[in-house]
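Shown below: target.txt, with compact mmCIF, C-alpha atoms.
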# COMPACT_ATOMS: atom_id res chain seq x y z
CA MET R 1 -116.47 -34.70 -47.49
CA VAL R 2 -119.07 -32.45 -49.10
CA GLU R 3 -121.88 -34.90 -49.83
CA PRO R 4 -123.16 -34.89 -53.44
CA GLY R 5 -126.61 -33.38 -53.72
CA THR R 6 -126.28 -31.49 -50.46
CA VAL R 7 -126.43 -27.71 -50.82
CA ALA R 8 -123.48 -26.42 -48.84
CA GLU R 9 -121.34 -23.32 -48.93
CA VAL R 10 -117.74 -23.82 -50.05
CA HIS R 11 -115.59 -20.83 -49.19
CA LEU R 12 -112.92 -19.66 -51.64
CA VAL R 13 -109.75 -17.63 -51.24
CA VAL R 14 -108.54 -16.49 -54.66
CA SER R 15 -105.21 -14.75 -55.12
CA PRO R 16 -105.60 -11.70 -57.40
CA ARG R 17 -101.96 -11.94 -58.48
CA GLY R 18 -101.08 -15.62 -57.97
CA GLY R 19 -99.07 -17.05 -60.86
CA ARG R 20 -99.17 -13.66 -62.60
CA GLY R 21 -102.93 -13.91 -63.01
CA ARG R 22 -103.33 -17.68 -63.33
CA ALA R 23 -105.26 -17.90 -60.07
CA ALA R 24 -107.83 -15.31 -61.13
CA ALA R 25 -108.12 -17.02 -64.52
CA ALA R 26 -108.75 -20.39 -62.83
CA ALA R 27 -111.44 -19.06 -60.48
CA PRO R 28 -114.41 -19.35 -62.90
CA ALA R 29 -113.64 -23.05 -63.52
CA VAL R 30 -113.36 -23.63 -59.78
CA ARG R 31 -116.75 -22.02 -59.15
CA ARG R 32 -118.30 -24.00 -61.99
CA VAL R 33 -117.15 -27.35 -60.58
CA ILE R 34 -118.43 -26.40 -57.13
CA GLU R 35 -121.82 -25.43 -58.53
CA GLN R 36 -122.04 -28.56 -60.70
CA ALA R 37 -121.48 -30.58 -57.54
CA GLY R 38 -124.55 -28.92 -56.05
CA HIS R 39 -122.78 -26.49 -53.71
CA THR R 40 -122.56 -22.73 -53.38
CA PRO R 41 -119.16 -21.03 -53.82
CA VAL R 42 -118.58 -18.07 -51.49
CA ASP R 43 -115.55 -15.89 -52.23
CA ILE R 44 -114.05 -14.53 -48.99
CA SER R 45 -110.84 -13.11 -50.49
CA GLY R 46 -109.77 -9.95 -48.69
CA ALA R 47 -108.36 -6.73 -50.10
CA SER R 48 -104.99 -7.48 -48.48
CA ALA R 49 -103.05 -10.44 -47.12
CA ARG R 50 -104.07 -9.61 -43.58
CA GLY R 51 -107.65 -9.03 -44.68
CA THR R 52 -107.75 -12.45 -46.33
CA ALA R 53 -106.36 -14.26 -43.29
CA ASP R 54 -108.86 -12.43 -41.06
CA ALA R 55 -111.71 -13.30 -43.45
CA VAL R 56 -110.85 -17.00 -43.29
CA ARG R 57 -110.71 -16.92 -39.50
CA ALA R 58 -114.08 -15.17 -39.33
CA ALA R 59 -115.69 -17.57 -41.80
CA VAL R 60 -114.46 -20.65 -39.92
CA GLU R 61 -115.56 -19.19 -36.58
CA ALA R 62 -118.98 -18.62 -38.16
CA GLY R 63 -119.21 -22.26 -39.18
CA ALA R 64 -117.47 -22.59 -42.56
CA SER R 65 -116.54 -26.24 -42.93
CA ARG R 66 -114.44 -26.13 -46.11
CA VAL R 67 -112.08 -23.49 -47.51
CA ILE R 68 -110.41 -23.84 -50.91
CA SER R 69 -107.26 -21.87 -51.68
CA VAL R 70 -106.92 -20.88 -55.35
CA GLY R 71 -103.41 -19.61 -55.94
CA GLY R 72 -99.88 -20.40 -54.88
CA ASP R 73 -98.13 -21.21 -51.64
CA GLY R 74 -98.67 -17.69 -50.32
CA THR R 75 -102.44 -17.92 -50.71
CA LEU R 76 -102.39 -21.32 -49.04
CA HIS R 77 -100.43 -19.77 -46.16
CA LEU R 78 -103.14 -17.15 -45.63
CA ALA R 79 -105.94 -19.73 -45.67
CA LEU R 80 -104.01 -21.91 -43.25
CA GLN R 81 -104.05 -19.18 -40.59
CA GLY R 82 -107.81 -19.54 -40.23
CA VAL R 83 -108.16 -23.28 -40.80
CA ALA R 84 -105.33 -24.94 -38.85
CA GLY R 85 -106.40 -26.43 -35.55
CA THR R 86 -110.11 -25.93 -36.18
CA GLY R 87 -111.40 -29.11 -37.80
CA ALA R 88 -112.40 -27.27 -40.99
CA VAL R 89 -111.24 -28.81 -44.27
CA LEU R 90 -108.65 -27.11 -46.48
CA GLY R 91 -108.58 -27.67 -50.24
CA LEU R 92 -106.02 -26.46 -52.75
CA VAL R 93 -106.17 -25.49 -56.41
CA PRO R 94 -102.54 -24.74 -57.33
CA ALA R 95 -102.27 -21.69 -59.57
CA GLY R 96 -99.14 -19.94 -58.33
CA THR R 97 -95.48 -19.82 -59.26
CA GLY R 98 -93.80 -22.45 -57.09
CA ASN R 99 -96.76 -24.60 -55.96
CA ASP R 100 -94.48 -26.61 -53.70
CA TYR R 101 -97.16 -27.68 -51.23
CA ALA R 102 -99.26 -28.97 -54.12
CA ARG R 103 -96.33 -31.11 -55.29
CA ALA R 104 -96.27 -33.00 -52.02
CA PHE R 105 -99.84 -34.21 -52.55
CA GLY R 106 -99.85 -34.95 -56.27
CA LEU R 107 -101.77 -31.82 -57.22
CA PHE R 108 -99.09 -30.10 -59.28
CA GLY R 109 -99.95 -30.14 -62.98
CA LEU R 110 -103.64 -30.89 -62.52
CA SER R 111 -106.22 -28.73 -64.25
CA ALA R 112 -108.32 -26.37 -62.16
CA GLU R 113 -111.27 -28.72 -62.61
CA GLU R 114 -109.35 -31.79 -61.46
CA ALA R 115 -107.87 -30.02 -58.45
CA THR R 116 -111.26 -28.63 -57.44
CA ALA R 117 -112.82 -32.07 -57.60
CA ARG R 118 -110.17 -33.31 -55.19
CA ALA R 119 -110.65 -30.26 -52.96
CA LEU R 120 -114.34 -31.23 -52.63
CA GLY R 121 -113.50 -34.80 -51.72
CA PRO R 122 -112.52 -36.62 -48.54
CA ALA R 123 -109.89 -35.10 -46.27
CA ARG R 124 -107.08 -36.52 -44.16
CA PRO R 125 -105.17 -34.97 -41.24
CA VAL R 126 -101.69 -33.65 -42.05
CA ASP R 127 -99.01 -32.01 -39.92
CA VAL R 128 -98.45 -28.26 -39.71
CA ILE R 129 -95.54 -26.17 -38.39
CA ARG R 130 -96.39 -23.83 -35.51
CA THR R 131 -94.11 -20.88 -34.80
CA ASP R 132 -93.53 -19.08 -31.52
CA ARG R 133 -95.22 -15.96 -32.93
CA GLN R 134 -98.79 -17.25 -33.40
CA ARG R 135 -98.20 -18.17 -37.03
CA TRP R 136 -98.89 -21.45 -38.80
CA VAL R 137 -96.65 -22.63 -41.66
CA ALA R 138 -97.69 -25.37 -44.05
CA PHE R 139 -94.42 -26.70 -45.37
CA ASN R 140 -91.19 -24.70 -45.04
CA VAL R 141 -89.39 -22.08 -42.95
CA THR R 142 -86.12 -20.86 -44.40
CA GLY R 143 -83.48 -18.17 -43.94
CA GLY R 144 -80.23 -16.94 -45.47
CA PHE R 145 -79.48 -17.23 -49.16
CA THR R 146 -82.90 -18.70 -49.90
CA VAL R 147 -84.63 -15.56 -48.64
CA ASP R 148 -82.40 -13.41 -50.85
CA VAL R 149 -83.40 -15.61 -53.80
CA ASN R 150 -87.08 -15.41 -52.88
CA ASP R 151 -86.92 -11.61 -52.73
CA ARG R 152 -85.31 -11.43 -56.16
CA ALA R 153 -87.75 -13.93 -57.67
CA ASP R 154 -90.70 -11.89 -56.39
CA ARG R 155 -89.37 -8.84 -58.24
CA MET R 156 -88.78 -10.66 -61.54
CA ARG R 157 -91.32 -10.59 -64.36
CA PHE R 158 -89.64 -13.34 -66.40
CA PRO R 159 -89.30 -16.24 -66.70
CA ARG R 160 -92.68 -17.42 -65.55
CA GLY R 161 -93.23 -20.55 -63.52
CA PRO R 162 -90.84 -22.47 -61.25
CA SER R 163 -87.78 -21.73 -63.43
CA ARG R 164 -87.91 -18.18 -62.08
CA TYR R 165 -86.44 -19.46 -58.81
CA THR R 166 -83.56 -21.16 -60.62
CA VAL R 167 -82.72 -17.99 -62.53
CA ALA R 168 -83.04 -15.92 -59.35
CA THR R 169 -80.64 -18.31 -57.60
CA LEU R 170 -77.98 -17.82 -60.27
CA LEU R 171 -78.40 -14.04 -60.24
CA THR R 172 -78.18 -13.88 -56.44
CA MET R 173 -75.14 -16.17 -56.10
CA PRO R 174 -72.48 -13.40 -56.40
CA GLY R 175 -73.90 -11.83 -53.22
CA LEU R 176 -73.80 -15.07 -51.20
CA ARG R 177 -73.38 -14.36 -47.47
CA TYR R 178 -72.64 -16.56 -44.47
CA ARG R 179 -74.15 -16.34 -41.00
CA GLU R 180 -73.23 -17.92 -37.68
CA LEU R 181 -76.19 -20.06 -36.61
CA ALA R 182 -77.07 -22.22 -33.64
CA VAL R 183 -79.62 -24.89 -34.51
CA THR R 184 -81.30 -26.83 -31.71
CA VAL R 185 -83.35 -29.90 -32.64
CA ASP R 186 -85.20 -31.68 -29.81
CA GLY R 187 -82.80 -30.10 -27.31
CA GLU R 188 -79.59 -31.00 -29.18
CA ARG R 189 -77.64 -27.88 -30.21
CA SER R 190 -75.18 -27.55 -33.10
CA GLU R 191 -73.39 -24.51 -34.51
CA HIS R 192 -72.82 -23.73 -38.17
CA ARG R 193 -71.36 -21.09 -40.47
CA SER R 194 -74.34 -21.24 -42.76
CA ALA R 195 -75.27 -20.05 -46.24
CA LEU R 196 -78.89 -21.15 -45.73
CA PHE R 197 -81.16 -23.32 -43.65
CA ALA R 198 -84.58 -24.86 -44.16
CA VAL R 199 -87.01 -26.48 -41.73
CA ALA R 200 -89.38 -28.56 -43.79
CA ASN R 201 -92.65 -30.44 -43.50
CA THR R 202 -92.67 -31.49 -47.18
CA PRO R 203 -89.77 -32.24 -49.54
CA THR R 204 -89.55 -29.21 -51.85
CA PHE R 205 -89.34 -25.45 -51.93
CA GLY R 206 -88.36 -22.87 -54.55
CA GLY R 207 -90.39 -24.44 -57.34
CA GLY R 208 -89.40 -28.08 -56.93
CA MET R 209 -86.03 -28.04 -55.15
CA ALA R 210 -86.00 -31.12 -52.89
CA ILE R 211 -84.15 -29.45 -50.03
CA CYS R 212 -85.41 -32.09 -47.54
CA PRO R 213 -86.24 -35.02 -49.83
CA ASP R 214 -87.40 -37.33 -47.04
CA ALA R 215 -89.75 -34.86 -45.34
CA ASP R 216 -93.19 -36.37 -44.76
CA PRO R 217 -96.18 -34.19 -43.79
CA CYS R 218 -97.76 -37.07 -41.89
CA ASP R 219 -94.86 -38.42 -39.78
CA GLY R 220 -95.01 -35.99 -36.85
CA LEU R 221 -91.47 -34.75 -37.52
CA LEU R 222 -89.71 -31.77 -39.08
CA ASP R 223 -86.71 -32.19 -41.37
CA VAL R 224 -83.87 -29.67 -41.09
CA CYS R 225 -81.24 -28.85 -43.71
CA VAL R 226 -78.34 -26.51 -42.97
CA VAL R 227 -75.93 -25.73 -45.82
CA GLY R 228 -72.48 -24.36 -45.10
CA PRO R 229 -69.80 -23.45 -45.00
CA ALA R 230 -69.84 -23.79 -48.78
CA SER R 231 -68.08 -21.72 -51.40
CA ARG R 232 -69.92 -20.16 -54.33
CA THR R 233 -68.42 -22.82 -56.57
CA THR R 234 -69.69 -25.57 -54.29
CA MET R 235 -73.12 -23.96 -54.13
CA LEU R 236 -73.29 -23.85 -57.92
CA ARG R 237 -72.33 -27.52 -58.09
CA LEU R 238 -74.95 -28.42 -55.48
CA LEU R 239 -77.74 -26.44 -57.16
CA PRO R 240 -78.70 -28.97 -59.87
CA LYS R 241 -78.46 -31.80 -57.34
CA VAL R 242 -81.07 -30.22 -55.08
CA PHE R 243 -83.87 -30.99 -57.54
CA ASP R 244 -83.54 -34.72 -56.88
CA GLY R 245 -82.11 -34.59 -53.37
CA GLY R 246 -78.59 -35.39 -54.57
CA HIS R 247 -77.09 -32.76 -52.27
CA VAL R 248 -77.79 -34.91 -49.21
CA GLY R 249 -74.57 -36.54 -48.02
CA HIS R 250 -72.29 -33.71 -49.13
CA ARG R 251 -69.88 -32.64 -46.39
CA ASP R 252 -71.33 -29.11 -46.32
CA VAL R 253 -74.96 -30.28 -46.05
CA HIS R 254 -76.17 -31.11 -42.54
CA MET R 255 -79.49 -32.93 -42.10
CA ARG R 256 -81.43 -33.31 -38.84
CA ARG R 257 -84.92 -34.44 -37.84
CA GLY R 258 -87.09 -33.78 -34.80
CA ARG R 259 -90.28 -32.41 -33.31
CA THR R 260 -88.98 -29.01 -32.18
CA VAL R 261 -86.44 -26.69 -33.82
CA THR R 262 -84.93 -23.41 -32.63
CA ILE R 263 -82.83 -21.18 -34.89
CA GLU R 264 -80.59 -18.58 -33.23
CA GLY R 265 -77.61 -16.48 -34.27
CA GLU R 266 -77.02 -13.48 -36.49
CA PRO R 267 -80.10 -11.45 -37.37
CA MET R 268 -81.76 -12.58 -40.59
CA ASP R 269 -85.09 -12.33 -42.33
CA LEU R 270 -87.19 -15.49 -42.39
CA VAL R 271 -89.70 -16.81 -44.91
CA GLY R 272 -92.49 -19.32 -44.25
CA ASP R 273 -94.33 -20.82 -47.24
CA GLY R 274 -92.67 -18.10 -49.32
CA GLU R 275 -94.05 -15.31 -47.11
CA ALA R 276 -92.13 -13.03 -44.74
CA ILE R 277 -92.65 -14.16 -41.13
CA GLY R 278 -90.22 -11.93 -39.26
CA THR R 279 -86.62 -12.41 -38.14
CA ALA R 280 -84.57 -14.93 -36.21
CA PRO R 281 -84.40 -16.18 -33.52
CA ILE R 282 -87.42 -18.41 -33.98
CA SER R 283 -88.76 -21.58 -32.40
CA LEU R 284 -90.80 -24.10 -34.37
CA GLU R 285 -92.72 -27.25 -33.54
CA VAL R 286 -94.65 -29.77 -35.55
CA VAL R 287 -98.34 -30.17 -34.69
CA PRO R 288 -99.48 -33.58 -35.96
CA GLY R 289 -102.77 -33.61 -37.84
CA ALA R 290 -103.40 -29.89 -37.29
CA VAL R 291 -105.20 -29.46 -40.60
CA ASN R 292 -107.64 -31.63 -42.54
CA LEU R 293 -106.46 -31.51 -46.15
CA ALA R 294 -108.65 -32.57 -49.08
CA ALA R 295 -106.19 -33.48 -51.82
CA GLY R 296 -107.25 -36.93 -53.00
CA GLY R 297 -104.63 -39.35 -54.23
Hey, can you dump this file as structure tokens for me?
Amino acid sequence: MVEPGTVAEVHLVVSPRGGRGRAAAAAPAVRRVIEQAGHTPVDISGASARGTADAVRAAVEAGASRVISVGGDGTLHLALQGVAGTGAVLGLVPAGTGNDYARAFGLFGLSAEEATARALGPARPVDVIRTDRQRWVAFNVTGGFTVDVNDRADRMRFPRGPSRYTVATLLTMPGLRYRELAVTVDGERSEHRSALFAVANTPTFGGGMAICPDADPCDGLLDVCVVGPASRTTMLRLLPKVFDGGHVGHRDVHMRRGRTVTIEGEPMDLVGDGEAIGTAPISLEVVPGAVNLAAGG
């Protein structure tokens, strides 16, 4: 915790485009709350995604003890690369489009001032996903139809907010494809003709879709959801159920849970925290308590 009355630097990563400008608009309020608490805000945002991740790593290596991400899940993902496994504290001011990580910790819907106050408060250890390609992921790795939806949503100007993912899903549905996947969880292999898969550390992705409704970022486990084979009609019927986890139990929805997950099969692009992380195959493992998160609640 940053002690009141103690002059300390609080490092900020601000997305220039997060939430179509909402992150940049929130930044002055974030700085004001930090200063009113008696601390010094230091903006370490880079000129590019790679530059930002490198700046966070360098700041933490130089002794930064607290980094606050101002933006969406993508900005959080960049900050995580420098904070995870270091002992530094990560705070979050959600100002993006989906804000799914924020939802898991009761931050979604808070004002910039309220979220900043929590980001300056006490921290607790939470789990993080580690990939086999030296990449940390906060809450979700996905492939298949969900990546196609994410690509379309990123190109859309309207609607704004989480509903963009719902609209993108409907627009992408006619191009639904299936892939042959082998999913190995804690050494147990299963094969699927899959429309999509998700490996999750928190319940939601895509702006509030509870793809793995029982995922807990503090239980030392990863939740896995594989959907398919499922027709377009079935997928459309399942879509509204995903928001409250009602898809779980359907014959075409396969849920698993474990500490390690390997995805193999047909080549496909993968997304982690909404950001491109390469292609399958990929191996994932949960690292308990790998980041100290200041989120209050």
Ranking R:Ala64, R:Cys212, R:Leu78, R:Met255 by minimum distance to R:Ser45 and counting all atoms listed in the file, which one comes first? R:Leu78
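Interatomic distance, atom CA of R:Leu270 against atom CA of R:Ala23: 25.4 Å.
Distances from R:Ala62, R:Leu107, R:Val291, R:Val242 to R:Gly206 were compared using only C-alpha atoms, and the smallest one belongs to R:Val242.
Using all atoms listed in the file, the contacts of R:Ala117 at a cut-off of 12 Å, with sequence neighbours closer than 3 positions omitted, comprise Met1, Val2, Pro4, Ala29, Val30, Arg31, Arg32, Val33, Ile34, Glu35, Gln36, Ala37, Ile68, Gly91, Leu92, Val93, Leu107, Leu110, Ser111, Ala112, Glu113, Glu114, Leu120, Gly121, Pro122, Ala294, Ala295, Gly296 and Gly297 of chain R.
Close contacts of R:Arg130, defined as residues with an atom at most 10 Å away when counting all atoms listed in the file, with chain neighbours fewer than 4 positions off set aside, comprise Ala84, Gln134, Arg135, Trp136, Val137, Ala138, Thr260, Ser283, Leu284, Glu285, Val286, Val287 and Ala290 of chain R.
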Residue subset to file, keeping C-alpha atoms, as a JSON list (two decimals), keeping the file's coordinate frame:
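The result, stored in again_1.json:
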[["chain", "number", "residue", "atom", "x", "y", "z"],
["R", 84, "ALA", "CA", -105.33, -24.94, -38.85],
["R", 134, "GLN", "CA", -98.79, -17.25, -33.40],
["R", 135, "ARG", "CA", -98.20, -18.17, -37.03],
["R", 136, "TRP", "CA", -98.89, -21.45, -38.80],
["R", 137, "VAL", "CA", -96.65, -22.63, -41.66],
["R", 138, "ALA", "CA", -97.69, -25.37, -44.05],
["R", 260, "THR", "CA", -88.98, -29.01, -32.18],
["R", 283, "SER", "CA", -88.76, -21.58, -32.40],
["R", 284, "LEU", "CA", -90.80, -24.10, -34.37],
["R", 285, "GLU", "CA", -92.72, -27.25, -33.54],
["R", 286, "VAL", "CA", -94.65, -29.77, -35.55],
["R", 287, "VAL", "CA", -98.34, -30.17, -34.69],
["R", 290, "ALA", "CA", -103.40, -29.89, -37.29]]
Among the residues R:Leu236, R:Leu293, R:Ala230, R:Leu221, the one that comes closest to R:Arg66 [using all atoms listed in the file]: R:Leu293
Output: stretch 31-64 of chain R of the preceding structure, restricted to N, CA and C atoms, written as a compact mmCIF listing (two decimals), in the first residue's frame.
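Everything below was put into part-v7.txt:
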# COMPACT_ATOMS: atom_id res chain seq x y z
N ARG R 31 -4.32 11.33 -12.42
CA ARG R 31 -3.16 12.07 -11.89
C ARG R 31 -3.55 12.93 -10.69
N ARG R 32 -4.73 13.53 -10.78
CA ARG R 32 -5.19 14.40 -9.69
C ARG R 32 -5.37 13.62 -8.40
N VAL R 33 -5.97 12.44 -8.47
CA VAL R 33 -6.17 11.63 -7.27
C VAL R 33 -4.83 11.20 -6.69
N ILE R 34 -3.89 10.84 -7.55
CA ILE R 34 -2.56 10.44 -7.08
C ILE R 34 -1.88 11.60 -6.36
N GLU R 35 -1.96 12.78 -6.94
CA GLU R 35 -1.32 13.95 -6.34
C GLU R 35 -2.00 14.34 -5.03
N GLN R 36 -3.34 14.25 -4.99
CA GLN R 36 -4.06 14.59 -3.76
C GLN R 36 -3.72 13.62 -2.63
N ALA R 37 -3.31 12.41 -3.00
CA ALA R 37 -2.90 11.44 -1.99
C ALA R 37 -1.45 11.65 -1.55
N GLY R 38 -0.79 12.66 -2.14
CA GLY R 38 0.56 12.99 -1.72
C GLY R 38 1.66 12.28 -2.49
N HIS R 39 1.32 11.73 -3.67
CA HIS R 39 2.29 10.99 -4.46
C HIS R 39 2.56 11.68 -5.79
N THR R 40 3.55 11.21 -6.49
CA THR R 40 3.95 11.80 -7.77
C THR R 40 3.62 10.84 -8.92
N PRO R 41 2.73 11.23 -9.83
CA PRO R 41 2.45 10.37 -10.99
C PRO R 41 3.56 10.49 -12.02
N VAL R 42 4.00 9.36 -12.55
CA VAL R 42 5.04 9.34 -13.58
C VAL R 42 4.51 8.52 -14.76
N ASP R 43 4.27 9.18 -15.88
CA ASP R 43 3.73 8.50 -17.06
C ASP R 43 4.86 7.82 -17.82
N ILE R 44 4.79 6.50 -17.96
CA ILE R 44 5.83 5.74 -18.66
C ILE R 44 5.26 5.10 -19.92
N SER R 45 4.16 5.62 -20.44
CA SER R 45 3.55 5.07 -21.65
C SER R 45 4.53 5.19 -22.81
N GLY R 46 4.67 4.11 -23.57
CA GLY R 46 5.56 4.13 -24.72
C GLY R 46 4.86 4.56 -25.98
N ALA R 47 5.63 4.74 -27.04
CA ALA R 47 5.08 5.16 -28.33
C ALA R 47 4.45 4.01 -29.07
N SER R 48 4.67 2.78 -28.61
CA SER R 48 4.11 1.58 -29.24
C SER R 48 3.81 0.57 -28.15
N ALA R 49 3.12 -0.51 -28.52
CA ALA R 49 2.82 -1.56 -27.55
C ALA R 49 4.11 -2.14 -26.98
N ARG R 50 5.03 -2.45 -27.85
CA ARG R 50 6.30 -3.02 -27.39
C ARG R 50 7.06 -2.01 -26.53
N GLY R 51 7.02 -0.74 -26.94
CA GLY R 51 7.70 0.29 -26.18
C GLY R 51 7.13 0.44 -24.78
N THR R 52 5.79 0.30 -24.68
CA THR R 52 5.16 0.41 -23.36
C THR R 52 5.55 -0.75 -22.47
N ALA R 53 5.49 -1.97 -23.01
CA ALA R 53 5.87 -3.15 -22.21
C ALA R 53 7.32 -3.03 -21.76
N ASP R 54 8.20 -2.59 -22.65
CA ASP R 54 9.62 -2.42 -22.29
C ASP R 54 9.79 -1.34 -21.22
N ALA R 55 8.99 -0.27 -21.32
CA ALA R 55 9.09 0.82 -20.35
C ALA R 55 8.67 0.35 -18.96
N VAL R 56 7.64 -0.49 -18.89
CA VAL R 56 7.21 -1.02 -17.59
C VAL R 56 8.29 -1.91 -17.01
N ARG R 57 8.86 -2.78 -17.83
CA ARG R 57 9.94 -3.66 -17.35
C ARG R 57 11.10 -2.83 -16.80
N ALA R 58 11.49 -1.81 -17.56
CA ALA R 58 12.62 -0.98 -17.14
C ALA R 58 12.31 -0.24 -15.84
N ALA R 59 11.09 0.27 -15.71
CA ALA R 59 10.72 1.01 -14.50
C ALA R 59 10.74 0.10 -13.28
N VAL R 60 10.18 -1.11 -13.43
CA VAL R 60 10.16 -2.04 -12.30
C VAL R 60 11.57 -2.48 -11.93
N GLU R 61 12.40 -2.73 -12.94
CA GLU R 61 13.79 -3.12 -12.67
C GLU R 61 14.54 -2.00 -11.95
N ALA R 62 14.11 -0.75 -12.22
CA ALA R 62 14.76 0.40 -11.58
C ALA R 62 14.18 0.71 -10.21
N GLY R 63 13.17 -0.07 -9.79
CA GLY R 63 12.65 0.11 -8.45
C GLY R 63 11.21 0.57 -8.34
N ALA R 64 10.51 0.73 -9.45
CA ALA R 64 9.09 1.13 -9.38
C ALA R 64 8.31 0.09 -8.58
